[in-house]
Amino acid sequence: MTDWFTADLHLGHEAVASIRDMSNDEHTATIYENLVSATNSGDRLFILGDLVSGFETPEDEIQRVARLAMTMNRYNVKVHVIAGNHDCIHPKRSKAHRYLYGYSYVVDSVASAGTLKIAGQRAVLSHYPYDGDHTGEDRDIQWRARDLGAPIIHGHTHASEPVSWSRQGTLQICVSLDAWDMRPVSKDELARLIERNQKKENG
């Protein structure tokens with residue numbers, strides 16, 4: 001079994017598809033193809049937020065997520081979701097509680113954050129990094145994890161380079177599609193990145 005990580009799919013989001021130099025249909029097809037080709041039966045896929053555009057009705061959003069989850073489940077891949085700011089289940093949205101059941105019904109788990117052991121240590125899973133954004137200033141700071149020194153695996157920034165550092169010097173690894181050539185990244189690759197960068201940090 002392999003764990004895979006990705007973020008910022010933005011399915012159905014024409015503006016993001018255009019930034020990625022694709023039509024909306026090409027964008028969706030590429031994401032599906034890359035997720036299916038990377039994973040194998042028994043694997044787990046962690047999607048760290050922004051599955052969709054955020055501009056559809058919550059019901060349409062859940063249907064879009066259901067289509068993705070059903071595709072992955074067809075290959076016996078479990079789908080675990082961490083909510084992003086574009087998703088109707090993110091706690092910043094006042095009606096998020098209404099749609100948690102719908103999301104939970106179509107994917108294997110839903111959370112606003114989580115932890116997972118990677119490279120022998122606890123890493124934080126969140127849509128947001130501790131620090132940083134793709135805008136001029138950090139947004140949604142009330143929804144970000146507190147930086148206590150654990151590496152954080154995140155999306156949100158759409159960074160082209162996966163590695164960054166928080167203001168306190170903590171390792172942040174972006175798993176957005178933009179950082180990994182539109183593909184998910186394996187837990188083993190994340191472990192190598194953590195080990196490599198912590199060696200640098202320790203001199």
# chains A, B, ... in the order shown; residues from 1 in each chain; ligands from 1
>>> residues_around(residues="Val36 of chain A", least_positions_apart="4", cutoff="10 Å", atoms="only C-alpha atoms", output="PyMOL selection string")
chain A and resi 30-32+40+71-72+74-75+77+183-184
>>> residues_around(residues="segment 2-4 of chain A", least_positions_apart="6", cutoff="8 Å", atoms="only C-alpha atoms", output="PDB file with N, CA and C atoms, in the first residue's frame")
ATOM      1  N   THR A  39      -1.601   5.567  -9.024  1.00  0.00           N
ATOM      2  CA  THR A  39      -2.035   4.752  -7.897  1.00  0.00           C
ATOM      3  C   THR A  39      -2.284   3.302  -8.290  1.00  0.00           C
ATOM      4  N   ASN A  40      -2.287   2.443  -7.263  1.00  0.00           N
ATOM      5  CA  ASN A  40      -2.566   1.019  -7.442  1.00  0.00           C
ATOM      6  C   ASN A  40      -3.610   0.569  -6.425  1.00  0.00           C
ATOM      7  N   GLY A  42      -5.430  -0.723  -3.386  1.00  0.00           N
ATOM      8  CA  GLY A  42      -5.047  -0.720  -1.978  1.00  0.00           C
ATOM      9  C   GLY A  42      -4.380   0.556  -1.517  1.00  0.00           C
ATOM     10  N   ASP A  43      -4.068   1.454  -2.450  1.00  0.00           N
ATOM     11  CA  ASP A  43      -3.429   2.723  -2.088  1.00  0.00           C
ATOM     12  C   ASP A  43      -4.437   3.683  -1.463  1.00  0.00           C
ATOM     13  N   ARG A  44      -3.886   4.718  -0.828  1.00  0.00           N
ATOM     14  CA  ARG A  44      -4.711   5.797  -0.282  1.00  0.00           C
ATOM     15  C   ARG A  44      -4.296   7.112  -0.937  1.00  0.00           C
ATOM     16  N   LEU A  45      -5.287   7.934  -1.271  1.00  0.00           N
ATOM     17  CA  LEU A  45      -5.044   9.241  -1.874  1.00  0.00           C
ATOM     18  C   LEU A  45      -5.556  10.319  -0.929  1.00  0.00           C
ATOM     19  N   PHE A  46      -4.643  11.173  -0.471  1.00  0.00           N
ATOM     20  CA  PHE A  46      -4.998  12.299   0.388  1.00  0.00           C
ATOM     21  C   PHE A  46      -5.048  13.560  -0.470  1.00  0.00           C
ATOM     22  N   PRO A 184       0.210  13.403  -8.415  1.00  0.00           N
ATOM     23  CA  PRO A 184       0.316  13.230  -6.961  1.00  0.00           C
ATOM     24  C   PRO A 184       1.734  12.826  -6.587  1.00  0.00           C
ATOM     25  N   VAL A 185       2.088  13.028  -5.334  1.00  0.00           N
ATOM     26  CA  VAL A 185       3.421  12.669  -4.847  1.00  0.00           C
ATOM     27  C   VAL A 185       3.267  11.594  -3.772  1.00  0.00           C
ATOM     28  N   SER A 186       4.173  10.635  -3.770  1.00  0.00           N
ATOM     29  CA  SER A 186       4.068   9.519  -2.832  1.00  0.00           C
ATOM     30  C   SER A 186       4.628   9.889  -1.458  1.00  0.00           C
ATOM     31  N   LYS A 187       4.189   9.144  -0.461  1.00  0.00           N
ATOM     32  CA  LYS A 187       4.704   9.317   0.894  1.00  0.00           C
ATOM     33  C   LYS A 187       6.213   9.077   0.936  1.00  0.00           C
TER      34      LYS A 187
END
>>> residues_around(residues="Ile141 of chain A", least_positions_apart="2", cutoff="12 Å", atoms="only C-alpha atoms", output="list in words")
Asn85, Lys92, His127, Tyr128, Pro129, Tyr130, Asp131, Gly132, Asp133, Glu137, Asp138, Arg139, Trp143, Arg144, Ala145, Arg146 and Asp147 of chain A
>>> closest_residue(among="A:Ser53, A:Gln121, A:Ser104, A:Thr28", to="His13 of chain A", atoms="only C-alpha atoms")
A:Ser53
>>> closest_residue(among="A:Leu100, A:Ala17, A:Cys88, A:Val106", to="Glu61 of chain A", atoms="only C-alpha atoms")
A:Cys88
>>> residues_around(residues="Glu161 of chain A", least_positions_apart="4", cutoff="10 Å", atoms="only C-alpha atoms", output="VMD selection string")
chain A and resid 173 to 176 178 to 180
>>> closest_residue(among="A:Gly102, A:Ala113, A:Arg122, A:Ile194", to="Gln63 of chain A", atoms="only C-alpha atoms")
A:Gly102
>>> closest_residue(among="A:Lys117, A:His10, A:His80, A:Arg98", to="Ile47 of chain A", atoms="only C-alpha atoms")
A:His80
>>> closest_residue(among="A:Val65, A:Glu189, A:Val124, A:Thr170", to="Val81 of chain A", atoms="only C-alpha atoms")
A:Val65
>>> closest_residue(among="A:Ser23, A:His158, A:Asp140, A:Leu190", to="Ile118 of chain A", atoms="only C-alpha atoms")
A:Leu190
>>> residues_around(residues="Val163 of chain A", least_positions_apart="3", cutoff="9 Å", atoms="only C-alpha atoms", output="list in words")
Ala159, Leu171, Gln172, Ile173, Cys174, Leu193 and Asn197 of chain A
>>> write_last_selection(atoms="C-alpha atoms", output="PDB file, in the first residue's frame")
ATOM      1  CA  ALA A 159       3.865  26.949  -5.604  1.00  0.00           C
ATOM      2  CA  LEU A 171       9.851  22.734   6.708  1.00  0.00           C
ATOM      3  CA  GLN A 172       6.754  23.173   4.518  1.00  0.00           C
ATOM      4  CA  ILE A 173       6.118  20.847   1.552  1.00  0.00           C
ATOM      5  CA  CYS A 174       3.540  21.856  -1.052  1.00  0.00           C
ATOM      6  CA  LEU A 193      12.357  15.456   0.968  1.00  0.00           C
ATOM      7  CA  ASN A 197      16.035  19.074   4.087  1.00  0.00           C
TER       8      ASN A 197
END
>>> select_by_dssp(residues="segment 36-194 of chain A", states="alpha helix (DSSP H)", output="PyMOL selection string")
chain A and resi 36-38+58-74+96-106+187-194
>>> select_by_dssp(residues="segment 4-133 of chain A", states="strand (DSSP E)", output="count of residues only")
25
>>> atom_distance(atom1="atom CA of Asp25 of chain A", atom2="atom CA of Met182 of chain A")
14.7 Å
